[in-house]
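To keep things clear, I will list the structure first and then write my remarks on it.
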Amino acid sequence: MDILGFLLHGFAVATEPQNLLLALIGCAVGTLIGALPGLGPVNGVALLIPLAFNFGLSPTAALILLVSVYYGTMYGGRISSIVLNIPGDEPAMMTTLDGYPMALAGRGGEALGLSAVASFVGATVATIGLTLFAPLLVGFAIRFGPAEYFALFVLAFATIGGVTSGSFTKSFVAACLGLLLGTVGLDPASGVSRYTFGLYELYDGIDFIAALVGLFAISECLLFLEDRRQATGASRELGSAIPGMRSAGRCAPTIARGSLIGFIAGVLPGAGASLGSFLSYTLEKRWLGRKGDFGNGDPRGVAAPEAGNNAAAGGALIPMLSLGIPGSGTTAILLALLLSMNITPGPLLFEQQPDMVWGLVAALFIGNIMLLVLNVPLVGLFARVLRAPTWLLMPVVILVAFVGVYSLNNSAFDLYVMLAFGVLGYALRKLEIPSVPVVLGLLLGGEMEFNLRRAMSISGGDWSILVSSAISVGIYAFAVALMVAGLLYAWWLNRDSGR
Amino acid sequence: MTADEPGAAPRPAALGDRLAGAVLLLLAVVAWWHAQTFVSGFRQPVGPDLFPRLVCVPLGVLALYLICRPGLNQRWPGGAALLRQAGLLVVLGGYAAFLEPWGFLPATLVCSVLLIRLFDAAWRQALVSGAALTAILYLLFEYALGIPLPAIPGLGF
């Protein structure tokens, strides 16, 4: 079957009533989570994973739900950026620069409408890209042996974070810490217990989901207790979002460029949506030069980052699904969901579970249209949620996290794990050590070790097997190239901020 | 973005990084040393101790680098904020400890009221919304999601 045939089949899966309903719920909840300041895509998806388990959903349905949430948060993040000047999540940071001035000038509705259309185009471009490129990558990766996979993991760790955080040392520290934490538990190959210190609860390893919810949601609450930012000004008159559709037409070239840049940023390992929106905005600003009025409410300054972050969000799904290597925090959490359901993403997934892969892709197309509808005429409803008081919101988040994690295994031990990771996540944030590499290490460590050991048993203990094929050498070279690119990018950033 | 928002402008704070570097270095050394106890019964080209050790090496080196050349930190919280954070951890730790012996309803009620107080609500608001939240969560998990929670032990629930 060709791609079109697979996609048609996917639409048959995605339009089953249950899946349609889940996509709709996911889109609405995602927009809501994205809109609430402090609750970004990572915490939102992490928080909902235990719930998805508890619903007893099939892996396909759970994935559709969570990916709809993921896409939804990318739409929702812009709402509080524009209305409150507080980014709803990290990728929406750039949207505040021109979105808030537009709202101050009474064009808030227009900005919301325009950014919804830009988000739609960005996400659609990325989903088309996913449809076309993921099978290509799969066709290539199907020939990978353990040595090549090991190289791929090295690539993932060499590039993750370096691009996003700016500090190579800290990203690598984080990755090593995650890998070390990933070795806790019984070694699957020999049955030897490692770093369990007699706690039988640790024999299965550290529970991914408890760790993730702690690392993101609990640490977020700790952060909230500290700075006590209060949302104000939510009652400002926004006006209708419909005129935004027309200004989207005028911004079409900007949206197109932003989508393309964002998509590329998303596919690259270690980048993700924040980089997508940042690059789209910055490059658009350079491209237009004096013709733009950036920073003072230029509509193009809203269109570019929103197209960029949504395109990057879709692009980041490509390496996650086709190689099993997530390129961003949220895709790492989606990977955790799959691993917890005993599904290993990668080339084989496309062969063995075409229903799931193509159903998901089709659900993304459908969800995007749902999101456009939710986010243009109904955006006022979501903007109203921003008035929910913090004192209610954060306890709700914490309790949902607690009950959700507890109900996974009915184990209070998982709750302590979650709290410990909450403190760890908070400390990492204060130290400016990115937590995404920790998650990746925790998730991918087992598979990385497995491939290393398999390669070594094939070669009988000869290390040269790791660099014996052209593909693995190529991957290492690519890793080095991306690291150099990351260094140059960090240098470029410093030069820019130094001026 | 206002200037006084924490996180907007990281300030150099060498101490935090040095401390973290020392802790991680210690972790790397102890983990390396502890790996010698991972002995499997049969011979493999790569035993269970190799991979953790392989990770400990860069971890230790990078931690050492962090001690020598610390980078930027965000502003660390002051006294009142630390107290509130410690309060959160105590409440949540207590919740985890009492969830099973007390049962879901009493433990969640106490925990949610305290949490809402911690986030600066008045007692009245805290009691009302805490009770509502407990009831909603219980109904959601017990009936909508079908997860049996230990409601109140000793009452036959």
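Chain lettering (A, B, ...) mirrors the order of the structure tokens, residue numbering begins at 1 for each chain separately, and ligand numbering begins at 1 in order of display.
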Point to revise | Contacts of range 38-46 of chain A within 6 Å, only C-alpha atoms, excl. fewer than 2 positions in-chain, as number ranges by chain | key: A: 33-34, 36, 48-49, 70, 73, 89, 213, 216-217, 330
Exercise for review: Do a neighbour search on range 27-34 of chain B at 12 Å with only C-alpha atoms, toss out local chain neighbours closer than 3 positions, and write the hits as a count of residues only.
Suggested key: 38
Review point. Using only C-alpha atoms, which chain A residues lie at most 6 Å away from chain B, written as a ChimeraX atom specification?
Key: /A:55,173,176,190,222,226,391,395,412,430-432,453,457,461
Can you pull out every residue within 7 Å of range 241-246 of chain A, counting only C-alpha atoms, but drop anything in the same chain fewer than 6 positions away, and send it as an mmCIF file with N, CA and C atoms, in the first residue's frame?
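Everything below was put into part_10.cif:
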data_model
loop_
_atom_site.group_PDB
_atom_site.id
_atom_site.type_symbol
_atom_site.label_atom_id
_atom_site.label_comp_id
_atom_site.auth_asym_id
_atom_site.auth_seq_id
_atom_site.Cartn_x
_atom_site.Cartn_y
_atom_site.Cartn_z
ATOM 1 N N GLY A 109 -8.599 40.476 19.956
ATOM 2 C CA GLY A 109 -9.389 39.484 19.237
ATOM 3 C C GLY A 109 -8.753 39.149 17.902
ATOM 4 N N GLU A 110 -8.329 40.183 17.212
ATOM 5 C CA GLU A 110 -7.693 39.974 15.916
ATOM 6 C C GLU A 110 -6.427 39.121 16.078
ATOM 7 N N ALA A 111 -5.635 39.446 17.126
ATOM 8 C CA ALA A 111 -4.410 38.684 17.353
ATOM 9 C C ALA A 111 -4.736 37.216 17.631
ATOM 10 N N LEU A 112 -5.789 36.967 18.403
ATOM 11 C CA LEU A 112 -6.154 35.580 18.717
ATOM 12 C C LEU A 112 -6.603 34.840 17.464
ATOM 13 N N GLY A 113 -7.400 35.520 16.629
ATOM 14 C CA GLY A 113 -7.867 34.879 15.402
ATOM 15 C C GLY A 113 -6.716 34.592 14.454
ATOM 16 N N LEU A 114 -5.870 35.594 14.286
ATOM 17 C CA LEU A 114 -4.721 35.450 13.396
ATOM 18 C C LEU A 114 -3.808 34.321 13.870
ATOM 19 N N VAL A 117 -5.182 30.891 13.101
ATOM 20 C CA VAL A 117 -5.000 30.481 11.709
ATOM 21 C C VAL A 117 -3.540 30.106 11.460
ATOM 22 N N VAL A 376 -11.118 29.836 17.079
ATOM 23 C CA VAL A 376 -11.523 31.128 16.523
ATOM 24 C C VAL A 376 -12.850 31.594 17.124
ATOM 25 N N PRO A 377 -13.963 30.889 16.899
ATOM 26 C CA PRO A 377 -15.203 31.440 17.462
ATOM 27 C C PRO A 377 -15.290 31.296 18.980
#
Review point. Among range 225-415 of chain A, which ones does DSSP place in helix (DSSP H, G or I), written as number ranges by chain?
Key: A: 225-227, 243-250, 252-267, 273-291, 299-315, 317-323, 329-340, 347-352, 354-375, 379-385, 390-409, 412-415
Quick one: everything within 12 Å of Gly380 in chain A, counting only C-alpha atoms, minus sequence neighbours fewer than 2 positions away in the same chain. Send it as a PDB file with N, CA and C atoms, in the first residue's frame.
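Wrote it out as out02.pdb, contents follow:
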ATOM      1  N   LEU A  32      -7.102  24.326  26.915  1.00  0.00           N
ATOM      2  CA  LEU A  32      -7.275  24.819  28.277  1.00  0.00           C
ATOM      3  C   LEU A  32      -5.951  24.791  29.047  1.00  0.00           C
ATOM      4  N   ALA A  35      -3.531  27.272  27.792  1.00  0.00           N
ATOM      5  CA  ALA A  35      -3.887  28.650  28.104  1.00  0.00           C
ATOM      6  C   ALA A  35      -3.506  29.017  29.529  1.00  0.00           C
ATOM      7  N   GLY A  76      -3.222  26.640  22.683  1.00  0.00           N
ATOM      8  CA  GLY A  76      -3.672  27.352  23.881  1.00  0.00           C
ATOM      9  C   GLY A  76      -2.631  28.292  24.444  1.00  0.00           C
ATOM     10  N   ILE A  79      -2.929  32.075  24.100  1.00  0.00           N
ATOM     11  CA  ILE A  79      -4.035  32.877  24.626  1.00  0.00           C
ATOM     12  C   ILE A  79      -3.570  33.770  25.770  1.00  0.00           C
ATOM     13  N   SER A  80      -2.867  33.181  26.760  1.00  0.00           N
ATOM     14  CA  SER A  80      -2.450  34.033  27.870  1.00  0.00           C
ATOM     15  C   SER A  80      -1.270  34.915  27.468  1.00  0.00           C
ATOM     16  N   VAL A  83      -3.330  37.807  25.942  1.00  0.00           N
ATOM     17  CA  VAL A  83      -4.257  38.509  26.839  1.00  0.00           C
ATOM     18  C   VAL A  83      -3.536  39.063  28.065  1.00  0.00           C
ATOM     19  N   GLY A 108      -6.856  42.619  20.456  1.00  0.00           N
ATOM     20  CA  GLY A 108      -6.619  41.304  21.042  1.00  0.00           C
ATOM     21  C   GLY A 108      -7.349  40.203  20.304  1.00  0.00           C
ATOM     22  N   GLY A 109      -8.599  40.476  19.956  1.00  0.00           N
ATOM     23  CA  GLY A 109      -9.389  39.484  19.237  1.00  0.00           C
ATOM     24  C   GLY A 109      -8.753  39.149  17.902  1.00  0.00           C
ATOM     25  N   GLU A 110      -8.329  40.183  17.212  1.00  0.00           N
ATOM     26  CA  GLU A 110      -7.693  39.974  15.916  1.00  0.00           C
ATOM     27  C   GLU A 110      -6.427  39.121  16.078  1.00  0.00           C
ATOM     28  N   LEU A 112      -5.789  36.967  18.403  1.00  0.00           N
ATOM     29  CA  LEU A 112      -6.154  35.580  18.717  1.00  0.00           C
ATOM     30  C   LEU A 112      -6.603  34.840  17.464  1.00  0.00           C
ATOM     31  N   GLY A 113      -7.400  35.520  16.629  1.00  0.00           N
ATOM     32  CA  GLY A 113      -7.867  34.879  15.402  1.00  0.00           C
ATOM     33  C   GLY A 113      -6.716  34.592  14.454  1.00  0.00           C
ATOM     34  N   ALA A 234      -7.405  40.197  32.964  1.00  0.00           N
ATOM     35  CA  ALA A 234      -8.081  39.269  32.081  1.00  0.00           C
ATOM     36  C   ALA A 234      -9.421  39.805  31.592  1.00  0.00           C
ATOM     37  N   SER A 235      -9.907  40.832  32.253  1.00  0.00           N
ATOM     38  CA  SER A 235     -11.240  41.298  31.875  1.00  0.00           C
ATOM     39  C   SER A 235     -11.207  42.306  30.727  1.00  0.00           C
ATOM     40  N   ARG A 236     -10.029  42.536  30.173  1.00  0.00           N
ATOM     41  CA  ARG A 236      -9.952  43.493  29.073  1.00  0.00           C
ATOM     42  C   ARG A 236     -10.828  43.028  27.901  1.00  0.00           C
ATOM     43  N   GLU A 237     -11.449  44.018  27.267  1.00  0.00           N
ATOM     44  CA  GLU A 237     -12.313  43.697  26.123  1.00  0.00           C
ATOM     45  C   GLU A 237     -11.441  43.205  24.966  1.00  0.00           C
ATOM     46  N   LEU A 238     -11.786  42.026  24.441  1.00  0.00           N
ATOM     47  CA  LEU A 238     -10.933  41.447  23.411  1.00  0.00           C
ATOM     48  C   LEU A 238     -11.425  41.756  22.006  1.00  0.00           C
ATOM     49  N   GLY A 239     -12.727  41.825  21.850  1.00  0.00           N
ATOM     50  CA  GLY A 239     -13.266  41.993  20.500  1.00  0.00           C
ATOM     51  C   GLY A 239     -13.323  40.662  19.796  1.00  0.00           C
ATOM     52  N   SER A 240     -13.930  40.660  18.626  1.00  0.00           N
ATOM     53  CA  SER A 240     -14.145  39.407  17.905  1.00  0.00           C
ATOM     54  C   SER A 240     -12.848  38.897  17.290  1.00  0.00           C
ATOM     55  N   ALA A 241     -12.753  37.568  17.194  1.00  0.00           N
ATOM     56  CA  ALA A 241     -11.558  36.975  16.605  1.00  0.00           C
ATOM     57  C   ALA A 241     -11.672  36.860  15.091  1.00  0.00           C
ATOM     58  N   ILE A 242     -12.860  37.122  14.569  1.00  0.00           N
ATOM     59  CA  ILE A 242     -13.076  36.897  13.132  1.00  0.00           C
ATOM     60  C   ILE A 242     -12.182  37.785  12.243  1.00  0.00           C
ATOM     61  N   LEU A 374     -12.379  25.439  17.561  1.00  0.00           N
ATOM     62  CA  LEU A 374     -12.392  25.776  18.989  1.00  0.00           C
ATOM     63  C   LEU A 374     -11.725  27.116  19.254  1.00  0.00           C
ATOM     64  N   ASN A 375     -10.733  27.440  18.442  1.00  0.00           N
ATOM     65  CA  ASN A 375      -9.886  28.569  18.779  1.00  0.00           C
ATOM     66  C   ASN A 375     -10.233  29.868  18.084  1.00  0.00           C
ATOM     67  N   VAL A 376     -11.118  29.836  17.079  1.00  0.00           N
ATOM     68  CA  VAL A 376     -11.523  31.128  16.523  1.00  0.00           C
ATOM     69  C   VAL A 376     -12.850  31.594  17.124  1.00  0.00           C
ATOM     70  N   PRO A 377     -13.963  30.889  16.899  1.00  0.00           N
ATOM     71  CA  PRO A 377     -15.203  31.440  17.462  1.00  0.00           C
ATOM     72  C   PRO A 377     -15.290  31.296  18.980  1.00  0.00           C
ATOM     73  N   LEU A 378     -14.670  30.255  19.526  1.00  0.00           N
ATOM     74  CA  LEU A 378     -14.882  29.969  20.945  1.00  0.00           C
ATOM     75  C   LEU A 378     -13.747  30.464  21.841  1.00  0.00           C
ATOM     76  N   PHE A 382     -12.170  30.247  26.394  1.00  0.00           N
ATOM     77  CA  PHE A 382     -10.886  29.847  26.967  1.00  0.00           C
ATOM     78  C   PHE A 382     -10.230  31.028  27.673  1.00  0.00           C
ATOM     79  N   ALA A 383     -10.373  32.211  27.085  1.00  0.00           N
ATOM     80  CA  ALA A 383      -9.764  33.391  27.710  1.00  0.00           C
ATOM     81  C   ALA A 383     -10.372  33.626  29.090  1.00  0.00           C
ATOM     82  N   ARG A 384     -11.639  33.229  29.245  1.00  0.00           N
ATOM     83  CA  ARG A 384     -12.303  33.431  30.530  1.00  0.00           C
ATOM     84  C   ARG A 384     -11.692  32.545  31.627  1.00  0.00           C
ATOM     85  N   VAL A 385     -11.213  31.361  31.209  1.00  0.00           N
ATOM     86  CA  VAL A 385     -10.623  30.436  32.177  1.00  0.00           C
ATOM     87  C   VAL A 385      -9.428  31.057  32.895  1.00  0.00           C
ATOM     88  N   LEU A 386      -8.798  32.012  32.222  1.00  0.00           N
ATOM     89  CA  LEU A 386      -7.609  32.624  32.813  1.00  0.00           C
ATOM     90  C   LEU A 386      -7.941  33.330  34.115  1.00  0.00           C
ATOM     91  N   ARG A 387      -9.235  33.550  34.363  1.00  0.00           N
ATOM     92  CA  ARG A 387      -9.591  34.226  35.603  1.00  0.00           C
ATOM     93  C   ARG A 387      -9.690  33.247  36.768  1.00  0.00           C
TER      94      ARG A 387
END
Review point. Quick one: residues within 12 Å of Leu444 in chain A, only C-alpha atoms counted, chain neighbours fewer than 3 positions away excluded, as a VMD selection string?
Key: chain A and resid 149 to 150 152 to 154 156 to 157 175 to 176 178 to 183 208 320 323 to 326 332 to 333 335 to 336 339 344 to 345 436 to 441 447 to 451
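Atom pair CA of Tyr100 in chain A / CA of Gly315 in chain A has a distance of 27.3 Å (rounded to one decimal).
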Practice item. Would you mind telling me which residue in A:Ala189, A:Leu364, A:Val267, A:Ile142 lies nearest to Leu22 in chain A when using only C-alpha atoms? Key: A:Leu364
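Proximity to Val110 in chain B was assessed for B:Leu127, B:Ala132, B:Leu139, B:Val90 counting only C-alpha atoms; the smallest distance is recorded for B:Leu127.
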**Study point:** Exercise: Gly367 in chain A partners within 7 Å, only C-alpha atoms, chain neighbours under 5 positions left out, as JSON, numbers by chain
**Key:** {"A": [23, 24, 27, 68]}
Can I get the selection written as a PDB file, in the first residue's frame, with C-alpha atoms?
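Generated file (result.pdb):
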ATOM      1  CA  ALA A  23      -9.691  13.824  19.811  1.00  0.00           C
ATOM      2  CA  LEU A  24     -12.285  16.474  20.609  1.00  0.00           C
ATOM      3  CA  CYS A  27      -8.161  19.306  21.790  1.00  0.00           C
ATOM      4  CA  SER A  68      -4.601  15.899  20.609  1.00  0.00           C
TER       5      SER A  68
END
Exercise for review: For Tyr200 in chain A, please output as an NGL selection string all residues within 10 Å (counting only C-alpha atoms; exclusion window: fewer than 5 positions along the same chain).
Suggested key: :A and (185-186 or 193 or 205)
Any chance you could export the current selection's N, CA and C atoms as a PDB file, in the first residue's frame?
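result.pdb was written with the following content:
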ATOM      1  N   GLY A 185      17.210  -0.851  39.152  1.00  0.00           N
ATOM      2  CA  GLY A 185      16.276  -1.966  38.985  1.00  0.00           C
ATOM      3  C   GLY A 185      16.999  -3.237  38.616  1.00  0.00           C
ATOM      4  N   LEU A 186      16.221  -4.276  38.314  1.00  0.00           N
ATOM      5  CA  LEU A 186      16.844  -5.541  37.920  1.00  0.00           C
ATOM      6  C   LEU A 186      17.361  -5.418  36.502  1.00  0.00           C
ATOM      7  N   SER A 193      20.376  -7.187  40.556  1.00  0.00           N
ATOM      8  CA  SER A 193      19.705  -5.939  40.931  1.00  0.00           C
ATOM      9  C   SER A 193      20.737  -4.834  41.065  1.00  0.00           C
ATOM     10  N   GLY A 205      12.536  -0.944  38.318  1.00  0.00           N
ATOM     11  CA  GLY A 205      13.065   0.340  37.894  1.00  0.00           C
ATOM     12  C   GLY A 205      12.208   1.468  38.436  1.00  0.00           C
TER      13      GLY A 205
END
Practice item. Among the residues of chain B, find those DSSP assigns to strand (DSSP E) from the backbone and print them as a ChimeraX atom specification. Key: /B:11-12,72-73
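One finds CA of Glu148 in chain A at 15.2 Å from CA of Asp462 in chain A.
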